[in-house]
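This report concerns only the one structure given below.
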Amino acid sequence: MTKSKNSELLTRLGEAARTGSISRRSFMNYSMAAGVSASAATGLWTTKANAAPQKGGTFRFGIHDGNSSDTHDPGTYVSRQQIYLAHQYRSYLTMINPDGTLGNDLATAWEPNEDASVWTFEINQNASFHSGKPVTSEDVVDSLNFHRGEASTSAAKSLFSGVKDIRADGEHTVIVEMEGGNADVPWLMTDYHFAICPSNGDGTIDWQSGDGSGPYKIDEAEWGVQFRLSRHDGWHLEGAYFDELLMLVLNDPNARQTALVTGDVDAVSLVDLKTKSLLERDPSIEILSVPSAAAITMPMFCDTAPFDDVNVRNALKLAMNREEIIDKIAFGEGTMGNDFHHSPAMPYFPEGIEQRSYDPDQAKSLLKKAGAENLTVSLSTADSVFSGAVDMCVLYSEQAKAAGITVNVVREPNDGYYSDVWLKKPFTAVSWGARPTPDVMYSLAYQSGAAWNESRWENEEFNKLLQQAKAELDDERRSEMYREMALLARNDGGTIIPFFNNFVYAVRNNVQTGENLAPSWELDGARGPSRWWFGEA
């Protein structure tokens, strides 16, 4: 192709991107065929495709992991249904941007004192709830305090264990005072539990009604089935380009992908990796894969036999061939875990820790030391945990046989898995969403007393280091502390981490996205419905 024809093609491609009549994947393919580098094509797409988002239409998205027992209570959020819905109809103080940086939601600005023990947040004065009530500092204070105190039943209570006080300073200023310095406070506010609800005026919040200040308001609701939402005209940020949203719970992976192929939905939150290659052949579908800090974990109750013996725990870790699991189950869409919940996608990642490898002989030796030879354990899982969860556990059971371990895989019902199985049965498979910092992850699920300490692991030295790292403002020293914590979790903890999974989801080619996709959750950090728009297929 001549230079002039290349230029002509790029002009046409640029116009197609600007008008939304070409998908990002097709644009990239055509551009690189015309001799444009991938980075240059990405820049051109960003310049053209993001120039004029179009308003209108009903965005239909099929999601995995929804239960009929889910509720609006932000303290109980755990399923993807609750999390995705929350990011459509409720707001947070801060948000994670598509490029992974920290951005504003209800907070227009935030500033710490000298030692980061006191943080001041300014609240957007244009924000309003769907009921028409303005969002004030009282709403923010009561919503955050909902997760604090002895009477709180919130699963995120442990994340606020270091908070000394949360108070209003006027109508639109909130002050968060910590027991000690904490540089992660603005990041902490992105946790999906900390949705802002209307205050009842007596220190409590109205979470029951489903009122929120997010980009869309709920019109129809049926937990475990579907939600219909429409644009909130009082939304305080840019976006919310669709007129309406239809969120469908499609726990079955075949049902999700069939709905996408037939055009019954415009996006799905989780692609079945076994059939990903078939979807990629469909020119009307675009597969999106985002490396993240999301993790697949297999927690063992450290206070329950036989997992109360560290030798048994480490034998079970050594009985796993992670390379094979990533290759056969994740189809390469993941980063190998090393049994500490700190992904390379997080800050302060501890480089150089020896990767735990498959070693059935060493596992046998540890079991002999524990007096647990010919060990038999039951491992609970469900299809809704992630695409391939059951297959992963079955493969692991085959791998463990070489160590003399019998793993009985128990296939649990999809509905109610996180309410009836997780945290209740002693050995389970779990899918964790990404957390922005190691402090948030460790505080939520690994420190003593945390509501979601899924392995019931208690380690005094780990807890001590966690508090020290939280208050440490020197990055080098903080990194050293996280390295020590990682080693403690790896060598003593009760959690097997097979891999950190990429977020792999899909959209039809009339759905326009930005250049970057947030690494915090599927569907662009669970905010795709308010960030994306329709173009032409």
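Each chain of the structure tokens is named A, B, ... in the order shown, its residues numbered from 1; ligands are numbered from 1 in display order.
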**Item:** Residue neighbourhood Gly494 in chain A, 9 Å, only C-alpha atoms, exclusion window fewer than 4 positions, as a list in words
**Value:** Met298, Pro299, Met300, Phe301, Cys302, Phe307, Asp308, Val310, Arg313, Asn314, Asp339, Glu454, Ser455, Arg456, Trp457, Ala489 and Arg490 of chain A
**Request:** Looking only at alpha helix (DSSP H) from DSSP on the backbone, list the matching residues of range 293-472 of chain A as a ChimeraX atom specification.
**Result:** /A:310-318,322-328,360-370,389-400,417-420,438-445,460-471
**Prompt:** So what do you get for CA of Ala109 in chain A versus CA of Glu122 in chain A, distance-wise?
**Reply:** 5.3 Å
**Message:** List as a PyMOL selection string the protein and nucleic acid residues near Glu220 in chain A, meaning an atom at most 10 Å away when only C-alpha atoms are counted, but skip any in the same chain fewer than 5 places from it.
**Reply:** chain A and resi 226-230+246
**Message:** Which residues are near Gln512 in chain A? Cut-off 6 Å, only C-alpha atoms, ignore same chain within fewer than 6 positions. Put them as a list of chain:residue names.
**Reply:** A:Trp532, A:Trp533, A:Phe534
Suppose we keep N, CA, C and O atoms; can you now write the selection as an mmCIF file, in the first residue's frame?
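Contents of result-v7.cif, as written:
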data_model
loop_
_atom_site.group_PDB
_atom_site.id
_atom_site.type_symbol
_atom_site.label_atom_id
_atom_site.label_comp_id
_atom_site.auth_asym_id
_atom_site.auth_seq_id
_atom_site.Cartn_x
_atom_site.Cartn_y
_atom_site.Cartn_z
ATOM 1 N N TRP A 532 -19.024 4.269 29.271
ATOM 2 C CA TRP A 532 -19.077 3.858 27.878
ATOM 3 C C TRP A 532 -20.298 4.454 27.179
ATOM 4 O O TRP A 532 -21.156 5.075 27.804
ATOM 5 N N TRP A 533 -20.356 4.236 25.858
ATOM 6 C CA TRP A 533 -21.485 4.716 25.072
ATOM 7 C C TRP A 533 -21.614 3.870 23.812
ATOM 8 O O TRP A 533 -20.735 3.068 23.495
ATOM 9 N N PHE A 534 -22.709 4.049 23.112
ATOM 10 C CA PHE A 534 -22.931 3.312 21.871
ATOM 11 C C PHE A 534 -22.415 4.094 20.678
ATOM 12 O O PHE A 534 -22.635 5.306 20.562
#
